[in-house]
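Student: Enclosed is the structure file coords22.pdb (PDB, C-alpha atoms).
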ATOM      1  CA  MET A 105       0.000   0.000   0.000  1.00  0.00           C
ATOM      2  CA  PRO A 106       1.323   3.485  -0.842  1.00  0.00           C
ATOM      3  CA  GLU A 107       1.850   5.102   2.569  1.00  0.00           C
ATOM      4  CA  MET A 108       2.173   2.185   4.975  1.00  0.00           C
ATOM      5  CA  SER A 109       2.865  -1.429   4.029  1.00  0.00           C
ATOM      6  CA  GLY A 110       0.701  -4.299   5.205  1.00  0.00           C
ATOM      7  CA  LEU A 111       3.454  -5.523   7.512  1.00  0.00           C
ATOM      8  CA  GLU A 112       3.912  -2.142   9.180  1.00  0.00           C
ATOM      9  CA  THR A 113       0.140  -1.810   9.504  1.00  0.00           C
ATOM     10  CA  THR A 114       0.053  -5.273  11.090  1.00  0.00           C
ATOM     11  CA  ARG A 115       2.741  -4.330  13.609  1.00  0.00           C
ATOM     12  CA  LYS A 116       0.797  -1.253  14.679  1.00  0.00           C
ATOM     13  CA  ILE A 117      -2.548  -3.080  14.880  1.00  0.00           C
ATOM     14  CA  ARG A 118      -0.962  -5.981  16.747  1.00  0.00           C
ATOM     15  CA  SER A 119       0.476  -3.582  19.337  1.00  0.00           C
ATOM     16  CA  LEU A 120      -3.042  -2.238  19.928  1.00  0.00           C
ATOM     17  CA  VAL A 121      -5.141  -5.420  19.944  1.00  0.00           C
ATOM     18  CA  GLY A 122      -2.714  -7.983  21.364  1.00  0.00           C
ATOM     19  CA  ASN A 123      -2.318 -11.537  20.131  1.00  0.00           C
ATOM     20  CA  ASP A 124      -5.891 -12.829  20.120  1.00  0.00           C
ATOM     21  CA  VAL A 125      -7.215 -11.143  16.953  1.00  0.00           C
ATOM     22  CA  PRO A 126      -6.335 -12.906  13.678  1.00  0.00           C
ATOM     23  CA  ILE A 127      -4.724 -10.717  10.993  1.00  0.00           C
ATOM     24  CA  ILE A 128      -4.742 -12.107   7.458  1.00  0.00           C
ATOM     25  CA  ILE A 129      -2.630 -10.694   4.634  1.00  0.00           C
ATOM     26  CA  LEU A 130      -4.455 -10.445   1.293  1.00  0.00           C
ATOM     27  CA  THR A 131      -1.976 -10.375  -1.566  1.00  0.00           C
ATOM     28  CA  ALA A 132      -1.754 -11.002  -5.287  1.00  0.00           C
ATOM     29  CA  TYR A 133       1.946 -11.899  -4.966  1.00  0.00           C
ATOM     30  CA  ASP A 134       3.921 -14.906  -3.832  1.00  0.00           C
ATOM     31  CA  TRP A 135       4.169 -14.418  -0.073  1.00  0.00           C
ATOM     32  CA  SER A 136       6.965 -16.948   0.533  1.00  0.00           C
ATOM     33  CA  ASP A 137       9.597 -14.184   0.428  1.00  0.00           C
ATOM     34  CA  ILE A 138       7.916 -12.166   3.177  1.00  0.00           C
ATOM     35  CA  GLU A 139       6.388 -15.016   5.193  1.00  0.00           C
ATOM     36  CA  GLU A 140       9.045 -15.015   7.914  1.00  0.00           C
ATOM     37  CA  ASP A 141       8.938 -11.218   8.364  1.00  0.00           C
ATOM     38  CA  ALA A 142       5.148 -11.268   8.265  1.00  0.00           C
ATOM     39  CA  LYS A 143       4.892 -13.888  11.002  1.00  0.00           C
ATOM     40  CA  ALA A 144       7.331 -11.854  13.095  1.00  0.00           C
ATOM     41  CA  ALA A 145       5.135  -8.787  12.573  1.00  0.00           C
ATOM     42  CA  GLY A 146       2.139 -10.697  13.880  1.00  0.00           C
ATOM     43  CA  VAL A 147       0.430 -11.930  10.710  1.00  0.00           C
ATOM     44  CA  THR A 148      -1.756 -14.974  11.355  1.00  0.00           C
ATOM     45  CA  GLY A 149      -2.130 -16.177   7.777  1.00  0.00           C
ATOM     46  CA  PHE A 150      -2.286 -15.346   4.079  1.00  0.00           C
ATOM     47  CA  CYS A 151      -4.957 -15.394   1.385  1.00  0.00           C
ATOM     48  CA  ALA A 152      -4.290 -14.999  -2.333  1.00  0.00           C
ATOM     49  CA  LYS A 153      -5.989 -12.420  -4.534  1.00  0.00           C
ATOM     50  CA  PRO A 154      -8.184 -12.531  -6.508  1.00  0.00           C
ATOM     51  CA  LEU A 155     -10.259 -13.940  -3.673  1.00  0.00           C
ATOM     52  CA  PHE A 156     -12.155 -17.188  -4.080  1.00  0.00           C
ATOM     53  CA  MET A 157     -14.723 -18.268  -1.509  1.00  0.00           C
ATOM     54  CA  SER A 158     -12.963 -21.570  -0.876  1.00  0.00           C
ATOM     55  CA  ASP A 159      -9.616 -19.832  -0.229  1.00  0.00           C
ATOM     56  CA  LEU A 160     -11.217 -17.223   2.019  1.00  0.00           C
ATOM     57  CA  LYS A 161     -13.035 -19.911   3.975  1.00  0.00           C
ATOM     58  CA  SER A 162      -9.814 -21.890   4.436  1.00  0.00           C
ATOM     59  CA  ALA A 163      -7.929 -18.778   5.582  1.00  0.00           C
ATOM     60  CA  LEU A 164     -10.665 -17.829   8.066  1.00  0.00           C
ATOM     61  CA  LEU A 165     -10.877 -21.372   9.410  1.00  0.00           C
ATOM     62  CA  ALA A 166      -7.118 -21.607   9.836  1.00  0.00           C
ATOM     63  CA  ALA A 167      -6.924 -18.173  11.489  1.00  0.00           C
ATOM     64  CA  ASN A 168      -9.662 -19.029  13.975  1.00  0.00           C
ATOM     65  CA  ASN A 169      -8.390 -22.527  14.652  1.00  0.00           C
ATOM     66  CA  PRO A 170      -4.655 -22.035  15.263  1.00  0.00           C
ATOM     67  CA  THR A 171      -4.272 -25.192  17.346  1.00  0.00           C
ATOM     68  CA  GLY A 172      -5.269 -27.300  14.350  1.00  0.00           C
ATOM     69  CA  LYS A 173      -8.122 -29.065  16.105  1.00  0.00           C
ATOM     70  CA  ASN A 174     -10.053 -30.193  13.061  1.00  0.00           C
ATOM     71  CA  GLU A 175     -13.085 -31.273  15.040  1.00  0.00           C
ATOM     72  CA  GLN A 176     -13.593 -27.678  16.221  1.00  0.00           C
ATOM     73  CA  ALA A 177     -13.431 -26.343  12.696  1.00  0.00           C
ATOM     74  CA  ALA A 178     -15.818 -29.024  11.472  1.00  0.00           C
ATOM     75  CA  ALA A 179     -18.536 -28.258  14.019  1.00  0.00           C
ATOM     76  CA  TRP A 180     -20.052 -25.442  11.994  1.00  0.00           C
ATOM     77  CA  THR A 181     -19.109 -26.678   8.526  1.00  0.00           C
ATOM     78  CA  LEU A 182     -21.075 -29.902   9.151  1.00  0.00           C
ATOM     79  CA  ALA A 183     -24.299 -28.027   9.935  1.00  0.00           C
ATOM     80  CA  ASP A 184     -26.980 -28.627   7.311  1.00  0.00           C
ATOM     81  CA  PHE A 185     -29.916 -26.247   6.944  1.00  0.00           C
ATOM     82  CA  GLY A 186     -30.582 -27.471   3.409  1.00  0.00           C
ATOM     83  CA  GLY A 187     -33.075 -25.263   1.591  1.00  0.00           C
ATOM     84  CA  LYS A 188     -33.984 -23.055   4.554  1.00  0.00           C
ATOM     85  CA  ARG A 189     -34.277 -19.388   3.628  1.00  0.00           C
ATOM     86  CA  VAL A 190     -32.637 -16.652   5.697  1.00  0.00           C
ATOM     87  CA  LEU A 191     -33.045 -12.903   5.424  1.00  0.00           C
ATOM     88  CA  LEU A 192     -29.668 -11.423   6.377  1.00  0.00           C
ATOM     89  CA  VAL A 193     -29.853  -7.750   7.365  1.00  0.00           C
ATOM     90  CA  GLU A 194     -26.374  -6.183   7.653  1.00  0.00           C
ATOM     91  CA  ASP A 195     -25.195  -2.766   6.480  1.00  0.00           C
ATOM     92  CA  ILE A 196     -21.441  -3.458   6.274  1.00  0.00           C
ATOM     93  CA  GLU A 197     -20.661  -5.141   2.963  1.00  0.00           C
ATOM     94  CA  LEU A 198     -17.691  -7.214   4.143  1.00  0.00           C
ATOM     95  CA  ASN A 199     -19.627  -8.534   7.163  1.00  0.00           C
ATOM     96  CA  ARG A 200     -22.513  -9.351   4.846  1.00  0.00           C
ATOM     97  CA  GLU A 201     -20.312 -11.242   2.393  1.00  0.00           C
ATOM     98  CA  ILE A 202     -18.648 -13.313   5.118  1.00  0.00           C
ATOM     99  CA  ALA A 203     -22.010 -14.131   6.739  1.00  0.00           C
ATOM    100  CA  GLU A 204     -23.420 -15.081   3.333  1.00  0.00           C
ATOM    101  CA  MET A 205     -20.490 -17.445   2.799  1.00  0.00           C
ATOM    102  CA  ILE A 206     -20.979 -19.146   6.170  1.00  0.00           C
ATOM    103  CA  LEU A 207     -24.752 -19.424   5.772  1.00  0.00           C
ATOM    104  CA  THR A 208     -24.520 -20.743   2.213  1.00  0.00           C
ATOM    105  CA  GLU A 209     -21.957 -23.309   3.336  1.00  0.00           C
ATOM    106  CA  ALA A 210     -24.465 -24.426   5.978  1.00  0.00           C
ATOM    107  CA  GLY A 211     -27.125 -24.987   3.312  1.00  0.00           C
ATOM    108  CA  PHE A 212     -29.172 -21.804   3.641  1.00  0.00           C
ATOM    109  CA  VAL A 213     -30.679 -19.935   0.725  1.00  0.00           C
ATOM    110  CA  VAL A 214     -29.519 -16.409   1.600  1.00  0.00           C
ATOM    111  CA  GLU A 215     -31.261 -13.145   0.734  1.00  0.00           C
ATOM    112  CA  SER A 216     -29.611  -9.958   1.982  1.00  0.00           C
ATOM    113  CA  ALA A 217     -30.706  -6.462   2.905  1.00  0.00           C
ATOM    114  CA  PRO A 218     -28.292  -3.578   3.683  1.00  0.00           C
ATOM    115  CA  ASP A 219     -30.694  -1.704   5.993  1.00  0.00           C
ATOM    116  CA  GLY A 220     -33.799  -2.142   8.113  1.00  0.00           C
ATOM    117  CA  THR A 221     -35.897  -0.309   5.509  1.00  0.00           C
ATOM    118  CA  ASP A 222     -34.912  -2.867   2.871  1.00  0.00           C
ATOM    119  CA  ALA A 223     -35.669  -5.745   5.240  1.00  0.00           C
ATOM    120  CA  VAL A 224     -39.160  -4.384   5.907  1.00  0.00           C
ATOM    121  CA  ALA A 225     -39.802  -3.928   2.165  1.00  0.00           C
ATOM    122  CA  MET A 226     -38.635  -7.478   1.412  1.00  0.00           C
ATOM    123  CA  MET A 227     -40.864  -8.905   4.137  1.00  0.00           C
ATOM    124  CA  GLU A 228     -43.853  -6.958   2.787  1.00  0.00           C
ATOM    125  CA  LYS A 229     -43.329  -8.381  -0.707  1.00  0.00           C
ATOM    126  CA  ALA A 230     -42.664 -11.966   0.430  1.00  0.00           C
ATOM    127  CA  GLU A 231     -45.448 -14.511   0.649  1.00  0.00           C
ATOM    128  CA  GLU A 232     -46.240 -15.945   4.069  1.00  0.00           C
ATOM    129  CA  ASN A 233     -43.688 -18.407   5.490  1.00  0.00           C
ATOM    130  CA  TYR A 234     -41.198 -17.456   2.750  1.00  0.00           C
ATOM    131  CA  TYR A 235     -38.401 -16.836   5.257  1.00  0.00           C
ATOM    132  CA  ASP A 236     -37.415 -19.378   7.916  1.00  0.00           C
ATOM    133  CA  VAL A 237     -35.291 -16.959   9.967  1.00  0.00           C
ATOM    134  CA  VAL A 238     -34.109 -13.339   9.986  1.00  0.00           C
ATOM    135  CA  LEU A 239     -30.608 -12.333  11.113  1.00  0.00           C
ATOM    136  CA  MET A 240     -30.871  -8.669  12.054  1.00  0.00           C
ATOM    137  CA  ASP A 241     -27.998  -6.257  12.637  1.00  0.00           C
ATOM    138  CA  ILE A 242     -28.873  -3.582  15.213  1.00  0.00           C
ATOM    139  CA  GLN A 243     -26.775  -0.544  14.256  1.00  0.00           C
ATOM    140  CA  MET A 244     -27.831   0.528  10.754  1.00  0.00           C
ATOM    141  CA  PRO A 245     -27.899   4.056   9.307  1.00  0.00           C
ATOM    142  CA  VAL A 246     -31.506   4.575   8.157  1.00  0.00           C
ATOM    143  CA  MET A 247     -33.608   2.150  10.183  1.00  0.00           C
ATOM    144  CA  ASN A 248     -32.043   0.187  13.023  1.00  0.00           C
ATOM    145  CA  GLY A 249     -32.735  -3.442  13.764  1.00  0.00           C
ATOM    146  CA  TYR A 250     -35.048  -2.770  16.692  1.00  0.00           C
ATOM    147  CA  GLU A 251     -37.386  -0.589  14.643  1.00  0.00           C
ATOM    148  CA  ALA A 252     -37.339  -2.984  11.685  1.00  0.00           C
ATOM    149  CA  THR A 253     -38.207  -5.886  13.990  1.00  0.00           C
ATOM    150  CA  ARG A 254     -41.111  -4.013  15.571  1.00  0.00           C
ATOM    151  CA  ILE A 255     -42.539  -3.175  12.143  1.00  0.00           C
ATOM    152  CA  ILE A 256     -42.163  -6.757  10.914  1.00  0.00           C
ATOM    153  CA  ARG A 257     -43.830  -8.158  14.043  1.00  0.00           C
ATOM    154  CA  ASN A 258     -46.807  -5.825  13.539  1.00  0.00           C
ATOM    155  CA  MET A 259     -47.430  -6.698   9.890  1.00  0.00           C
ATOM    156  CA  PRO A 260     -50.980  -7.966   9.217  1.00  0.00           C
ATOM    157  CA  ARG A 261     -49.922 -11.536   8.461  1.00  0.00           C
ATOM    158  CA  ASN A 262     -49.655 -14.741  10.476  1.00  0.00           C
ATOM    159  CA  ASP A 263     -46.071 -15.839   9.859  1.00  0.00           C
ATOM    160  CA  VAL A 264     -44.414 -12.821  11.514  1.00  0.00           C
ATOM    161  CA  LYS A 265     -45.684 -13.835  14.957  1.00  0.00           C
ATOM    162  CA  ASP A 266     -43.512 -16.961  15.059  1.00  0.00           C
ATOM    163  CA  LEU A 267     -40.745 -15.985  12.617  1.00  0.00           C
ATOM    164  CA  PRO A 268     -37.366 -16.273  14.415  1.00  0.00           C
ATOM    165  CA  ILE A 269     -35.604 -12.899  14.358  1.00  0.00           C
ATOM    166  CA  ILE A 270     -32.097 -13.056  15.796  1.00  0.00           C
ATOM    167  CA  ALA A 271     -30.128  -9.934  16.690  1.00  0.00           C
ATOM    168  CA  MET A 272     -26.500  -9.612  15.613  1.00  0.00           C
ATOM    169  CA  THR A 273     -24.665  -6.821  17.372  1.00  0.00           C
ATOM    170  CA  ALA A 274     -21.261  -5.756  18.639  1.00  0.00           C
ATOM    171  CA  ASN A 275     -22.996  -4.686  21.852  1.00  0.00           C
ATOM    172  CA  ALA A 276     -22.920  -7.724  24.102  1.00  0.00           C
ATOM    173  CA  LEU A 277     -23.951  -6.224  27.438  1.00  0.00           C
ATOM    174  CA  GLU A 278     -26.862  -7.711  29.361  1.00  0.00           C
ATOM    175  CA  GLU A 279     -29.028  -4.642  28.682  1.00  0.00           C
ATOM    176  CA  ASP A 280     -28.419  -5.078  24.944  1.00  0.00           C
ATOM    177  CA  LYS A 281     -29.707  -8.648  25.131  1.00  0.00           C
ATOM    178  CA  GLU A 282     -32.722  -7.435  27.086  1.00  0.00           C
ATOM    179  CA  ALA A 283     -33.360  -4.679  24.526  1.00  0.00           C
ATOM    180  CA  ALA A 284     -33.326  -7.231  21.711  1.00  0.00           C
ATOM    181  CA  LEU A 285     -35.928  -9.380  23.477  1.00  0.00           C
ATOM    182  CA  LYS A 286     -38.084  -6.389  24.404  1.00  0.00           C
ATOM    183  CA  ASN A 287     -38.197  -5.312  20.766  1.00  0.00           C
ATOM    184  CA  GLY A 288     -39.500  -8.673  19.608  1.00  0.00           C
ATOM    185  CA  MET A 289     -36.327 -10.574  18.836  1.00  0.00           C
ATOM    186  CA  ASN A 290     -35.901 -14.210  19.814  1.00  0.00           C
ATOM    187  CA  ALA A 291     -32.193 -14.288  20.573  1.00  0.00           C
ATOM    188  CA  HIS A 292     -28.982 -12.275  20.517  1.00  0.00           C
ATOM    189  CA  ILE A 293     -25.620 -13.117  18.926  1.00  0.00           C
ATOM    190  CA  ALA A 294     -22.590 -10.969  19.775  1.00  0.00           C
ATOM    191  CA  LYS A 295     -20.153  -9.819  17.086  1.00  0.00           C
ATOM    192  CA  PRO A 296     -17.473 -10.731  16.218  1.00  0.00           C
ATOM    193  CA  ILE A 297     -19.346 -13.973  15.695  1.00  0.00           C
ATOM    194  CA  ASP A 298     -18.211 -17.217  17.287  1.00  0.00           C
ATOM    195  CA  MET A 299     -18.955 -19.801  14.583  1.00  0.00           C
ATOM    196  CA  ASP A 300     -20.080 -22.557  16.949  1.00  0.00           C
ATOM    197  CA  VAL A 301     -22.350 -20.213  18.939  1.00  0.00           C
ATOM    198  CA  PHE A 302     -23.744 -18.818  15.680  1.00  0.00           C
ATOM    199  CA  ILE A 303     -24.708 -22.248  14.354  1.00  0.00           C
ATOM    200  CA  SER A 304     -25.922 -23.425  17.759  1.00  0.00           C
ATOM    201  CA  VAL A 305     -28.373 -20.505  18.025  1.00  0.00           C
ATOM    202  CA  LEU A 306     -29.622 -21.109  14.480  1.00  0.00           C
ATOM    203  CA  GLU A 307     -30.186 -24.780  15.284  1.00  0.00           C
ATOM    204  CA  GLN A 308     -32.432 -23.767  18.207  1.00  0.00           C
ATOM    205  CA  PHE A 309     -34.809 -21.848  15.943  1.00  0.00           C
ATOM    206  CA  VAL A 310     -34.582 -23.354  12.467  1.00  0.00           C
ATOM    207  CA  HIS A 311     -35.963 -26.861  12.010  1.00  0.00           C
TER     208      HIS A 311
END
Starting from the file, lay out its structure as structure tokens.
Tutor:
Amino acid sequence: MPEMSGLETTRKIRSLVGNDVPIIILTAYDWSDIEEDAKAAGVTGFCAKPLFMSDLKSALLAANNPTGKNEQAAAWTLADFGGKRVLLVEDIELNREIAEMILTEAGFVVESAPDGTDAVAMMEKAEENYYDVVLMDIQMPVMNGYEATRIIRNMPRNDVKDLPIIAMTANALEEDKEAALKNGMNAHIAKPIDMDVFISVLEQFVH
């Protein structure tokens, strides 16, 4: 990168966040020449560009499973929600793409909305029982997840009463969980998402 290289950026980020957060280098070049320096700087792994879903998945799995315990990595990849339809509501494109990858891998048919307003519009157009579950971000610029959930719950149709709506938020305090439930949500998943918790919560509500 023009002003600060990826390795220097990694060193600075690593000094701020400590050792627990994975840092993955995305590069279109052969990284073997810099691998040793990169590891010393705190890089967790590498992923080649252009990005392919399979490579990204492998890099994310490896970064989040540094001990190499394959059974831990397999726990969420073995989940099968074949044919179930999820409405994913998330305003940050990268978060949305990663969630789509995970959900598709688990067998879901994924439809996405970048804001609460879009989620409400999609629900209004959908026939009853079209969606099996909604994953709802809370902090969104136009209409937040709480408001979108309240509107969906009050639609004049039968399916919205029992439709699982699961909050996804970086706010993981007890009052945030309570706020999600008070606004009509069924459960709360903290971000950054723990894969096993994510799949476990989905398994509680999607059958």
Student: Around (-2.6, -10.2, -0.6) in the file's own coordinates, what residues are found within 12 Å if you use only C-alpha atoms, given back as a list of chain:residue names?
Tutor: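 Every polymer residue passing the test: A:Met105, A:Ser109, A:Gly110, A:Leu111, A:Ile127, A:Ile128, A:Ile129, A:Leu130, A:Thr131, A:Ala132, A:Tyr133, A:Asp134, A:Trp135, A:Ser136, A:Ile138, A:Glu139, A:Ala142, A:Val147, A:Gly149, A:Phe150, A:Cys151, A:Ala152, A:Lys153, A:Pro154, A:Leu155, A:Asp159, A:Leu160, A:Ala163.
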Student: Selection in question (the file shown): the PyMOL selection byres ((chain A and resi 223-236) around 10). Which residues does it include, as a PyMOL selection string?
Tutor: chain A and resi 187-194+212-222+237-238+240+247+249+251-256+259-264+266-269+309-311
Student: Grab the atom CA of A:Ala291 to atom CA of A:Ala271 distance for me, in Å with one decimal place.
Tutor: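 Spanning atom CA of A:Ala291 to atom CA of A:Ala271 is a straight-line distance of 6.2 Å.
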Student: Using only C-alpha atoms, which residues sit within 10 Å of A:Glu112 once same-chain residues fewer than 6 positions away are excluded, as a PyMOL selection string?
Tutor: chain A and resi 118+142+145-146
Student: Once the PyMOL selection byres ((chain A and resi 209) around 9) has been evaluated on this model, what residues remain selected, and can you format them as a PyMOL selection string?
Tutor: chain A and resi 181-184+204-208+210-212
Student: Could you check which of A:Ile117, A:Thr273, A:Met299, A:Arg257 is closest to A:Lys286, using all atoms listed in the file?
Tutor: A:Arg257
Student: Which residue gives the smallest distance to A:Asp124 among A:Ile297, A:Asn290, A:Glu197, A:Ala167, with all atoms listed in the file counted?
Tutor: A:Ala167
Student: Quick one: of A:Phe185, A:Tyr250, A:Met272, A:Lys161, who's nearest to A:Glu307, counting all atoms listed in the file?
Tutor: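 Under the stated criterion, the closest residue is A:Phe185.
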Student: Please report the interatomic distance between atom CA of A:Thr114 and atom CA of A:Thr148 in Å with one decimal.
Tutor: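 Going from atom CA of A:Thr114 over to atom CA of A:Thr148, I get 9.9 Å.
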Student: Determine the nearest neighbour of A:Glu278 from the options A:Val125, A:Ala294, A:Leu120, A:Val301, counting all atoms listed in the file.
Tutor: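 Of A:Val125, A:Ala294, A:Leu120, A:Val301, the one nearest A:Glu278, counting all atoms listed in the file, is A:Ala294.
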Student: Report, in Å with one decimal, the straight-line distance from atom CA of A:Ile293 to atom CA of A:Lys265.
Tutor: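 Separating atom CA of A:Ile293 from atom CA of A:Lys265 is a distance of 20.5 Å.
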Student: Between A:Lys281, A:Arg115, A:Ile202, A:Glu107, which has the minimum distance to A:Met157 (counting all atoms listed in the file)?
Tutor: A:Ile202
